[in-house]
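For reference, query_23.cif is printed below; it contains mmCIF, C-alpha atoms.
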```
data_query
#
loop_
_atom_site.label_atom_id
_atom_site.label_comp_id
_atom_site.auth_asym_id
_atom_site.auth_seq_id
_atom_site.Cartn_x
_atom_site.Cartn_y
_atom_site.Cartn_z
CA MET A 1 14.35 12.16 7.73
CA ASN A 2 14.02 12.99 4.09
CA THR A 3 13.19 9.68 2.44
CA PRO A 4 10.43 10.34 -0.11
CA VAL A 5 7.48 7.96 -0.19
CA THR A 6 5.63 6.88 -3.34
CA ILE A 7 2.01 6.02 -2.55
CA LEU A 8 0.73 3.41 -5.00
CA VAL A 9 -3.07 3.33 -5.22
CA GLY A 10 -5.23 0.42 -6.31
CA THR A 11 -8.92 1.27 -6.12
CA THR A 12 -12.31 0.46 -7.59
CA THR A 13 -14.65 2.93 -5.87
CA GLY A 14 -12.18 5.63 -4.82
CA ASN A 15 -11.89 4.82 -1.09
CA ALA A 16 -8.23 3.84 -1.43
CA GLN A 17 -7.60 7.13 -3.26
CA TYR A 18 -9.02 9.06 -0.29
CA CYS A 19 -6.74 7.09 2.05
CA ALA A 20 -3.75 7.81 -0.19
CA GLU A 21 -4.51 11.54 -0.16
CA GLU A 22 -4.82 11.44 3.65
CA ALA A 23 -1.48 9.61 3.83
CA GLN A 24 0.15 12.18 1.55
CA PHE A 25 -1.13 14.98 3.78
CA ARG A 26 0.03 13.29 7.01
CA LEU A 27 3.43 12.42 5.59
CA GLY A 28 3.80 16.03 4.44
CA GLU A 29 3.00 17.24 7.95
CA ALA A 30 5.85 15.02 9.16
CA GLY A 31 8.23 16.64 6.65
CA ILE A 32 8.23 13.67 4.26
CA ASP A 33 7.77 14.22 0.54
CA ALA A 34 5.04 11.92 -0.74
CA THR A 35 3.67 11.40 -4.22
CA VAL A 36 0.36 9.67 -4.94
CA LEU A 37 0.62 7.40 -7.98
CA PRO A 38 -2.44 5.49 -9.17
CA MET A 39 -1.51 1.98 -10.31
CA ASP A 40 -3.22 2.52 -13.68
CA GLY A 41 -0.92 1.24 -16.43
CA LEU A 42 1.96 0.39 -14.09
CA ASP A 43 4.05 -2.75 -14.27
CA ALA A 44 6.93 -4.10 -12.18
CA THR A 45 9.28 -1.42 -13.55
CA ALA A 46 7.40 1.04 -11.28
CA LEU A 47 9.36 -0.54 -8.42
CA ALA A 48 12.72 -0.52 -10.20
CA SER A 49 14.12 2.40 -8.21
CA PRO A 50 15.24 1.93 -4.62
CA GLY A 51 12.82 3.60 -2.29
CA VAL A 52 9.91 3.53 0.08
CA TYR A 53 6.46 2.72 -1.24
CA LEU A 54 3.12 2.82 0.52
CA VAL A 55 0.64 0.48 -1.17
CA VAL A 56 -2.95 1.54 -0.55
CA ILE A 57 -5.34 -0.98 -2.04
CA SER A 58 -8.95 -2.06 -1.83
CA THR A 59 -10.41 -5.52 -2.33
CA TYR A 60 -13.48 -6.05 -4.47
CA GLY A 61 -15.57 -8.92 -5.79
CA GLN A 62 -14.39 -12.30 -4.54
CA GLY A 63 -11.15 -11.03 -3.01
CA ASP A 64 -9.94 -9.54 -6.28
CA VAL A 65 -7.26 -6.96 -6.95
CA PRO A 66 -8.86 -3.78 -8.38
CA ASP A 67 -8.78 -3.51 -12.17
CA ASN A 68 -6.35 -0.58 -12.10
CA ALA A 69 -3.90 -2.60 -9.97
CA ARG A 70 -4.10 -5.84 -11.92
CA PRO A 71 -1.37 -5.08 -14.52
CA LEU A 72 1.15 -4.26 -11.77
CA TYR A 73 0.20 -7.31 -9.71
CA GLU A 74 0.36 -9.65 -12.72
CA SER A 75 3.69 -8.14 -13.80
CA LEU A 76 5.17 -8.81 -10.36
CA ILE A 77 4.12 -12.46 -10.68
CA ARG A 78 5.21 -12.85 -14.31
CA ASP A 79 8.47 -10.85 -14.33
CA LYS A 80 9.65 -11.76 -10.79
CA PRO A 81 11.88 -8.69 -10.32
CA ALA A 82 14.31 -8.68 -7.42
CA LEU A 83 12.93 -6.11 -4.98
CA ASP A 84 15.49 -6.22 -2.18
CA HIS A 85 15.93 -2.45 -2.68
CA VAL A 86 12.25 -1.79 -1.88
CA HIS A 87 10.77 -0.92 1.52
CA TYR A 88 7.00 -0.72 1.74
CA GLY A 89 3.99 -0.22 3.94
CA LEU A 90 0.52 -1.51 3.22
CA VAL A 91 -2.97 -0.14 3.77
CA SER A 92 -5.52 -2.77 2.77
CA LEU A 93 -9.24 -2.06 2.56
CA GLY A 94 -11.88 -4.76 2.80
CA ASP A 95 -15.16 -5.77 4.39
CA SER A 96 -15.25 -8.47 7.06
CA SER A 97 -18.78 -9.42 6.01
CA HIS A 98 -16.86 -11.23 3.24
CA ALA A 99 -14.83 -13.15 5.84
CA GLN A 100 -13.19 -15.63 3.47
CA THR A 101 -11.81 -12.90 1.21
CA PHE A 102 -11.33 -10.05 3.71
CA CYS A 103 -8.52 -7.72 2.51
CA PHE A 104 -7.31 -10.33 0.00
CA ALA A 105 -5.96 -7.78 -2.50
CA GLY A 106 -3.67 -6.38 0.18
CA ARG A 107 -2.69 -9.88 1.30
CA ARG A 108 -1.85 -10.81 -2.28
CA PHE A 109 0.34 -7.73 -2.78
CA ASP A 110 2.02 -8.26 0.60
CA ALA A 111 2.83 -11.90 -0.16
CA GLN A 112 4.16 -11.13 -3.65
CA LEU A 113 6.30 -8.16 -2.59
CA SER A 114 7.76 -10.19 0.27
CA LYS A 115 8.42 -13.17 -2.02
CA LEU A 116 10.41 -10.86 -4.32
CA GLY A 117 12.60 -9.61 -1.47
CA ALA A 118 10.93 -6.33 -0.55
CA SER A 119 10.99 -5.41 3.15
CA ARG A 120 7.73 -4.43 4.78
CA ILE A 121 7.87 -1.62 7.32
CA GLY A 122 5.50 -2.18 10.22
CA ASP A 123 2.22 -4.04 10.36
CA VAL A 124 -0.39 -4.01 7.63
CA LEU A 125 -3.46 -1.86 8.21
CA ASN A 126 -6.44 -4.09 7.38
CA HIS A 127 -9.36 -1.68 7.42
CA ASP A 128 -12.82 -3.17 7.79
CA ALA A 129 -15.58 -1.29 5.99
CA SER A 130 -18.05 -2.81 8.49
CA SER A 131 -16.23 -1.23 11.44
CA GLY A 132 -18.00 2.13 11.26
CA ILE A 133 -14.62 3.89 11.11
CA MET A 134 -13.88 5.88 7.96
CA PRO A 135 -10.91 4.38 6.10
CA GLU A 136 -9.16 7.78 5.94
CA GLU A 137 -9.42 8.08 9.75
CA ALA A 138 -7.97 4.59 10.22
CA THR A 139 -5.17 5.45 7.80
CA ALA A 140 -4.35 8.66 9.66
CA ALA A 141 -4.20 6.82 13.00
CA TRP A 142 -2.05 4.01 11.55
CA LEU A 143 0.39 6.44 9.93
CA GLY A 144 1.74 7.90 13.19
CA PRO A 145 3.47 4.69 14.29
CA TRP A 146 4.34 3.80 10.69
CA ILE A 147 6.19 7.08 10.21
CA GLY A 148 8.24 6.26 13.34
CA GLN A 149 9.08 2.84 11.91
CA LEU A 150 9.87 4.45 8.57
CA SER A 151 12.47 6.65 10.26
CA THR A 152 14.10 3.59 11.84
CA ALA A 153 14.06 1.61 8.58
CA SER A 154 15.53 4.52 6.62
CA ALA A 155 18.38 4.88 9.10
CA ALA A 156 19.28 1.18 8.81
#
```

Target format structure tokens, applied to this file:
Amino acid sequence: MNTPVTILVGTTTGNAQYCAEEAQFRLGEAGIDATVLPMDGLDATALASPGVYLVVISTYGQGDVPDNARPLYESLIRDKPALDHVHYGLVSLGDSSHAQTFCFAGRRFDAQLSKLGASRIGDVLNHDASSGIMPEEATAAWLGPWIGQLSTASAA
């Protein structure tokens, strides 16, 4: 399987960036080209090309999308591009001690991408900062099955 993956990173403190780098490494080990692309300055045109995207995003504040991801998120809402050519996976970081807003940034992206016709591959990884498991470790463990699902989705 040779479908490249673009890893879109929305982060405030850098944890999502570490997860994205881990994902890039693991995808590379599986023979998949992966590029890490911070969401800084991106808008909906970043998803204009058909492809596979892995959204890696943290939640901060009261369930907010990180500042660097806000322009892309707002553009998806405002411009409403048709994304039926997009397949994506989602790694969402949060803290369950904020139960009412746990992983909200990831949930918001997931809902908006789905609403615009994008097809999610596999389940969402909702990592809990209170779990005691490093987010990069959780990402690495989640990626094994996701890569298998990616192969199936790419063949379809």

Output of the PyMOL selection byres ((chain A and resi 138) around 12), listed as a PDB file with C-alpha atoms, in the coordinates of the input:
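The new file part-v1.pdb reads:
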```
ATOM      1  CA  ASN A  15     -11.890   4.820  -1.090  1.00  0.00           C
ATOM      2  CA  ALA A  16      -8.230   3.840  -1.430  1.00  0.00           C
ATOM      3  CA  TYR A  18      -9.020   9.060  -0.290  1.00  0.00           C
ATOM      4  CA  CYS A  19      -6.740   7.090   2.050  1.00  0.00           C
ATOM      5  CA  ALA A  20      -3.750   7.810  -0.190  1.00  0.00           C
ATOM      6  CA  GLU A  22      -4.820  11.440   3.650  1.00  0.00           C
ATOM      7  CA  ALA A  23      -1.480   9.610   3.830  1.00  0.00           C
ATOM      8  CA  VAL A  91      -2.970  -0.140   3.770  1.00  0.00           C
ATOM      9  CA  SER A  92      -5.520  -2.770   2.770  1.00  0.00           C
ATOM     10  CA  LEU A  93      -9.240  -2.060   2.560  1.00  0.00           C
ATOM     11  CA  VAL A 124      -0.390  -4.010   7.630  1.00  0.00           C
ATOM     12  CA  LEU A 125      -3.460  -1.860   8.210  1.00  0.00           C
ATOM     13  CA  ASN A 126      -6.440  -4.090   7.380  1.00  0.00           C
ATOM     14  CA  HIS A 127      -9.360  -1.680   7.420  1.00  0.00           C
ATOM     15  CA  ASP A 128     -12.820  -3.170   7.790  1.00  0.00           C
ATOM     16  CA  ALA A 129     -15.580  -1.290   5.990  1.00  0.00           C
ATOM     17  CA  SER A 131     -16.230  -1.230  11.440  1.00  0.00           C
ATOM     18  CA  GLY A 132     -18.000   2.130  11.260  1.00  0.00           C
ATOM     19  CA  ILE A 133     -14.620   3.890  11.110  1.00  0.00           C
ATOM     20  CA  MET A 134     -13.880   5.880   7.960  1.00  0.00           C
ATOM     21  CA  PRO A 135     -10.910   4.380   6.100  1.00  0.00           C
ATOM     22  CA  GLU A 136      -9.160   7.780   5.940  1.00  0.00           C
ATOM     23  CA  GLU A 137      -9.420   8.080   9.750  1.00  0.00           C
ATOM     24  CA  THR A 139      -5.170   5.450   7.800  1.00  0.00           C
ATOM     25  CA  ALA A 140      -4.350   8.660   9.660  1.00  0.00           C
ATOM     26  CA  ALA A 141      -4.200   6.820  13.000  1.00  0.00           C
ATOM     27  CA  TRP A 142      -2.050   4.010  11.550  1.00  0.00           C
ATOM     28  CA  LEU A 143       0.390   6.440   9.930  1.00  0.00           C
ATOM     29  CA  GLY A 144       1.740   7.900  13.190  1.00  0.00           C
TER      30      GLY A 144
END
```

Between atom CA of A:Pro71 and atom CA of A:Ala105, measure the distance and give it in Å to one decimal.
-> 13.1 Å

Determine the residue set returned by the PyMOL selection byres ((chain A and resi 64) around 12) for the present structure, and present it as a ChimeraX atom specification.
-> /A:10-12,57-63,65-70,73,93-94,98,100-109

Counting only C-alpha atoms, which residues come within 7 Å of (1.0, -5.0, -18.4), with the point read in the file's coordinates, and could you list them as a PyMOL selection string?
-> chain A and resi 41-43+71-72+75

Contacts of A:Asp79 at 10 Å or less, counting only C-alpha atoms, minus same-chain residues fewer than 5 places along, as an MDAnalysis selection string?
-> chainID A and resid 43:45 74

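Taking atom CA of A:Thr13 and atom CA of A:Tyr53 as the two end points, the separation is 21.6 Å.
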
What is the distance between atom CA of A:Val36 and atom CA of A:Ser49, in Å to one decimal?
-> 15.9 Å

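Distance annotation: of A:Ile7, A:Leu27, A:Ser97, A:Gln17, the residue with the minimal separation from A:Ser151 is A:Leu27; atom set is all atoms listed in the file.
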
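Each of A:Gln149, A:Ser114, A:Ser96, A:Thr6 was compared to A:Gly51 using all atoms listed in the file, and A:Thr6 turns out to be the nearest.
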
Counting all atoms listed in the file, closest pick from A:Val52, A:Leu47, A:Leu37, A:Ala111 relative to A:Pro4 is A:Val52

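Residues with any atom within 10 Å of A:Ile121, counting all atoms listed in the file and excluding same-chain neighbours fewer than 6 positions away, are A:Val52, A:Tyr53, A:Leu54, A:His87, A:Tyr88, A:Gly89, A:Leu90, A:Trp146, A:Ile147, A:Gly148, A:Gln149, A:Leu150, A:Ser151, A:Thr152, A:Ala153, A:Ser154.
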